[in-house]
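The data block below is work36.pdb; it holds PDB, C-alpha atoms.
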```pdb
ATOM      1  CA  MET A1204     -17.722   6.396  -5.206
ATOM      2  CA  ALA A1205     -17.107   2.856  -6.420
ATOM      3  CA  ASN A1206     -19.148   0.180  -4.723
ATOM      4  CA  ALA A1207     -17.345  -2.915  -3.536
ATOM      5  CA  ALA A1208     -18.862  -6.408  -3.528
ATOM      6  CA  SER A1209     -17.914  -6.843   0.130
ATOM      7  CA  GLY A1210     -20.063  -3.849   1.017
ATOM      8  CA  MET A1211     -16.915  -1.772   1.396
ATOM      9  CA  ALA A1212     -16.950   1.355  -0.742
ATOM     10  CA  VAL A1213     -13.783   2.928  -2.126
ATOM     11  CA  GLN A1214     -13.576   6.704  -2.178
ATOM     12  CA  ASP A1215     -12.807   8.120  -5.619
ATOM     13  CA  GLU A1216      -9.856   9.953  -4.050
ATOM     14  CA  CYS A1217      -8.163   6.573  -3.439
ATOM     15  CA  LYS A1218      -8.126   5.752  -7.148
ATOM     16  CA  LEU A1219      -7.252   9.329  -8.123
ATOM     17  CA  LYS A1220      -4.197   9.431  -5.813
ATOM     18  CA  PHE A1221      -3.136   5.974  -7.007
ATOM     19  CA  LEU A1222      -3.272   7.153 -10.631
ATOM     20  CA  GLU A1223      -1.141  10.159  -9.657
ATOM     21  CA  LEU A1224       1.424   7.834  -8.055
ATOM     22  CA  LYS A1225       1.408   5.486 -11.054
ATOM     23  CA  ALA A1226       1.366   7.986 -13.930
ATOM     24  CA  LYS A1227       2.774  11.242 -12.583
ATOM     25  CA  ARG A1228       4.859   9.900  -9.683
ATOM     26  CA  ASN A1229       3.497  12.691  -7.448
ATOM     27  CA  HIS A1230       3.672  10.412  -4.384
ATOM     28  CA  ARG A1231       6.215   7.873  -3.119
ATOM     29  CA  TYR A1232       3.544   6.033  -1.156
ATOM     30  CA  ILE A1233      -0.117   6.125  -0.179
ATOM     31  CA  ILE A1234      -1.509   4.688   3.031
ATOM     32  CA  PHE A1235      -5.216   3.830   3.086
ATOM     33  CA  ARG A1236      -7.496   3.213   6.073
ATOM     34  CA  ILE A1237     -11.001   1.836   6.412
ATOM     35  CA  GLU A1238     -13.364   4.408   7.896
ATOM     36  CA  GLY A1239     -16.861   3.159   8.610
ATOM     37  CA  GLN A1240     -17.850   1.332   5.423
ATOM     38  CA  GLN A1241     -15.340   2.857   3.024
ATOM     39  CA  VAL A1242     -11.665   2.937   2.174
ATOM     40  CA  ALA A1243     -10.114   6.413   2.402
ATOM     41  CA  VAL A1244      -6.671   7.966   1.898
ATOM     42  CA  ASP A1245      -4.855   8.181   5.240
ATOM     43  CA  LYS A1246      -1.408   9.570   4.317
ATOM     44  CA  LEU A1247       0.534  10.564   1.212
ATOM     45  CA  GLY A1248       4.314  10.376   0.917
ATOM     46  CA  SER A1249       6.149  12.988  -1.105
ATOM     47  CA  PRO A1250       8.344  11.814  -4.026
ATOM     48  CA  GLY A1251      11.528  12.368  -1.998
ATOM     49  CA  ASP A1252      10.441  10.185   0.930
ATOM     50  CA  THR A1253      12.460   7.053   1.709
ATOM     51  CA  TYR A1254      11.295   3.544   2.504
ATOM     52  CA  ASP A1255      12.051   4.273   6.172
ATOM     53  CA  ASP A1256       9.723   7.299   6.023
ATOM     54  CA  PHE A1257       7.036   5.016   4.642
ATOM     55  CA  THR A1258       7.393   2.301   7.295
ATOM     56  CA  ALA A1259       7.477   4.950  10.045
ATOM     57  CA  ALA A1260       4.161   6.344   8.757
ATOM     58  CA  LEU A1261       2.362   3.021   9.312
ATOM     59  CA  PRO A1262       0.595   2.830  12.702
ATOM     60  CA  ALA A1263       2.033   0.263  15.104
ATOM     61  CA  ASN A1264      -1.314  -1.103  16.337
ATOM     62  CA  GLU A1265      -3.744  -0.613  13.446
ATOM     63  CA  CYS A1266      -4.225  -2.275  10.071
ATOM     64  CA  ARG A1267      -3.738  -0.341   6.843
ATOM     65  CA  TYR A1268      -3.439  -0.887   3.114
ATOM     66  CA  ALA A1269      -0.550   0.833   1.398
ATOM     67  CA  VAL A1270       1.016   1.211  -2.008
ATOM     68  CA  TYR A1271       4.692   2.002  -2.375
ATOM     69  CA  ASP A1272       6.477   3.024  -5.567
ATOM     70  CA  PHE A1273       9.823   1.235  -5.257
ATOM     71  CA  ASP A1274      12.712   2.399  -7.449
ATOM     72  CA  PHE A1275      15.622   0.023  -7.940
ATOM     73  CA  THR A1276      18.495  -0.810 -10.261
ATOM     74  CA  THR A1277      18.684  -4.259 -11.855
ATOM     75  CA  ASP A1278      21.852  -6.358 -12.117
ATOM     76  CA  GLU A1279      22.122  -5.046 -15.692
ATOM     77  CA  ASN A1280      22.252  -1.497 -14.252
ATOM     78  CA  VAL A1281      18.770  -0.571 -15.520
ATOM     79  CA  GLN A1282      16.603   1.825 -13.478
ATOM     80  CA  LYS A1283      13.199   0.299 -12.781
ATOM     81  CA  SER A1284      10.205   0.881 -10.590
ATOM     82  CA  LYS A1285       7.567  -1.484  -9.200
ATOM     83  CA  ILE A1286       4.385  -0.649  -7.368
ATOM     84  CA  PHE A1287       3.920  -2.698  -4.213
ATOM     85  CA  PHE A1288       0.606  -3.291  -2.479
ATOM     86  CA  ILE A1289       1.167  -3.916   1.212
ATOM     87  CA  ALA A1290      -1.484  -5.296   3.528
ATOM     88  CA  TRP A1291      -0.299  -4.146   6.964
ATOM     89  CA  SER A1292      -1.968  -6.132   9.736
ATOM     90  CA  PRO A1293       0.131  -5.965  12.924
ATOM     91  CA  ASP A1294      -0.297  -8.734  15.485
ATOM     92  CA  THR A1295      -1.189  -6.089  18.074
ATOM     93  CA  SER A1296      -4.234  -4.784  16.168
ATOM     94  CA  LYS A1297      -7.766  -5.779  17.147
ATOM     95  CA  VAL A1298      -9.086  -9.076  15.768
ATOM     96  CA  ARG A1299     -12.185  -7.408  14.284
ATOM     97  CA  MET A1300     -10.015  -4.850  12.478
ATOM     98  CA  LYS A1301      -7.828  -7.620  11.044
ATOM     99  CA  MET A1302     -10.922  -9.465   9.805
ATOM    100  CA  VAL A1303     -12.394  -6.362   8.129
ATOM    101  CA  TYR A1304      -9.119  -5.565   6.359
ATOM    102  CA  ALA A1305      -8.564  -9.187   5.306
ATOM    103  CA  SER A1306     -12.072  -9.587   3.893
ATOM    104  CA  SER A1307     -11.921  -6.319   1.915
ATOM    105  CA  LYS A1308      -8.342  -6.557   0.628
ATOM    106  CA  ASP A1309      -8.841  -8.347  -2.700
ATOM    107  CA  ARG A1310     -11.769  -6.177  -3.711
ATOM    108  CA  PHE A1311      -9.878  -2.982  -2.862
ATOM    109  CA  LYS A1312      -6.729  -4.175  -4.638
ATOM    110  CA  ARG A1313      -8.735  -4.750  -7.826
ATOM    111  CA  GLU A1314      -9.735  -1.069  -7.775
ATOM    112  CA  LEU A1315      -6.048  -0.121  -8.089
ATOM    113  CA  ASP A1316      -5.013  -1.127 -11.592
ATOM    114  CA  GLY A1317      -1.236  -1.427 -11.851
ATOM    115  CA  ILE A1318      -0.198  -3.239  -8.668
ATOM    116  CA  GLN A1319       2.840  -5.379  -9.508
ATOM    117  CA  VAL A1320       3.813  -7.031  -6.220
ATOM    118  CA  GLU A1321       1.784  -7.824  -3.104
ATOM    119  CA  LEU A1322       3.170  -8.181   0.405
ATOM    120  CA  GLN A1323       1.380  -9.086   3.615
ATOM    121  CA  ALA A1324       3.036  -8.040   6.831
ATOM    122  CA  THR A1325       2.199  -8.529  10.500
ATOM    123  CA  ASP A1326       5.390  -6.922  11.781
ATOM    124  CA  PRO A1327       8.040  -4.645  10.235
ATOM    125  CA  SER A1328      10.507  -7.500   9.633
ATOM    126  CA  GLU A1329       8.088  -9.026   7.093
ATOM    127  CA  MET A1330       8.349  -5.942   4.905
ATOM    128  CA  SER A1331      11.992  -5.024   5.376
ATOM    129  CA  LEU A1332      13.796  -3.265   2.534
ATOM    130  CA  ASP A1333      15.701  -6.488   1.800
ATOM    131  CA  ILE A1334      12.415  -8.386   1.277
ATOM    132  CA  VAL A1335      11.055  -5.603  -0.935
ATOM    133  CA  LYS A1336      14.250  -5.622  -3.032
ATOM    134  CA  ALA A1337      14.124  -9.413  -3.389
ATOM    135  CA  ARG A1338      10.472  -9.338  -4.478
ATOM    136  CA  ALA A1339      11.077  -6.482  -6.966
ATOM    137  CA  ILE A1340      13.727  -8.273  -9.030
TER     138      ILE A1340
END
```
Translate the structure described by the file into C-alpha cells.
Amino acid sequence: MANAASGMAVQDECKLKFLELKAKRNHRYIIFRIEGQQVAVDKLGSPGDTYDDFTAALPANECRYAVYDFDFTTDENVQKSKIFFIAWSPDTSKVRMKMVYASSKDRFKRELDGIQVELQATDPSEMSLDIVKARAI
C-alpha cells in the first residue's frame, strides 16, 4: 500500500484498476472513496457504460474521487480518448468529509499517472457532458 504525505494511504487496488482503465480499457470509469485513513475502489464501470451511467453511480450526498475514460471525435474526425479526474464534492455532503477529500486530492491524483483533465464538481451541472466535451478538445 502506498503511503501518502497527507497520512492518507492509497490501496494498491486503486492504482491497479487505474492501470487497467488506462492500458487495457477494462473499465469506463472508477469511483474511489475514502475509508478510514485510505483511498479504496468504490465502483467500477464496464466498458459499455455511458456518461449517464457514471454520473448516476456517484452518491448524491457524499464526496468521491472518480476517473472517467472519455471517448470523443475531434473536428478533424479523429477518434480520441482522455482520462478525466473528477473531484465530486456535493454541497449537501458533510463539511468534514469535504475537507478530508479536498486535503487528500492532490496527493491521490499524483498516484494515478496518466490523468489528462481535472474537474471539480459540487453539483451535476458542473460536470455535464457538454463541459466534459469542451474540456476534452
Translate the PyMOL selection byres ((chain A and resi 1336) around 12), as applied to the file shown, into an explicit residue set as a PyMOL selection string.
-> chain A and resi 1254+1272-1278+1283-1287+1320+1322+1330-1335+1337-1340
Using the chain letters and residue numbers of this document, give as number ranges by chain the residues selected by the PyMOL selection byres ((chain A and resi 1299-1314) around 8).
-> A: 1207-1209, 1211, 1213, 1218, 1237, 1242, 1265-1268, 1288, 1290, 1292, 1296-1298, 1315-1316, 1318
Go through A:Pro1262, A:Tyr1271, A:Gly1317, A:Lys1227 one by one, measure the shortest atom-to-atom distance of each to Leu1247 (chain A) using all atoms listed in the file, and give the residue with the smallest value.
->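 For Leu1247 (chain A), the nearest of the given residues is A:Tyr1271.
Among A:Gln1282, A:Leu1224, A:Asn1229, A:Ala1269, the residue with the shortest atom-to-atom distance to Lys1246 (chain A), counting only C-alpha atoms, is A:Ala1269.
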Point-to-point distance in Å for CA of Asp1326 (chain A) and CA of Val1270 (chain A) |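 Atom-to-atom, CA of Val1270 (chain A) and CA of Asp1326 (chain A) are spaced 16.6 Å apart.
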Shortest interatomic distance to Asp1255 (chain A) - which of A:Val1281, A:Lys1225, A:Pro1327, A:Glu1321, counting all atoms listed in the file =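 The shortest atom-to-atom distance to Asp1255 (chain A) comes from A:Pro1327.
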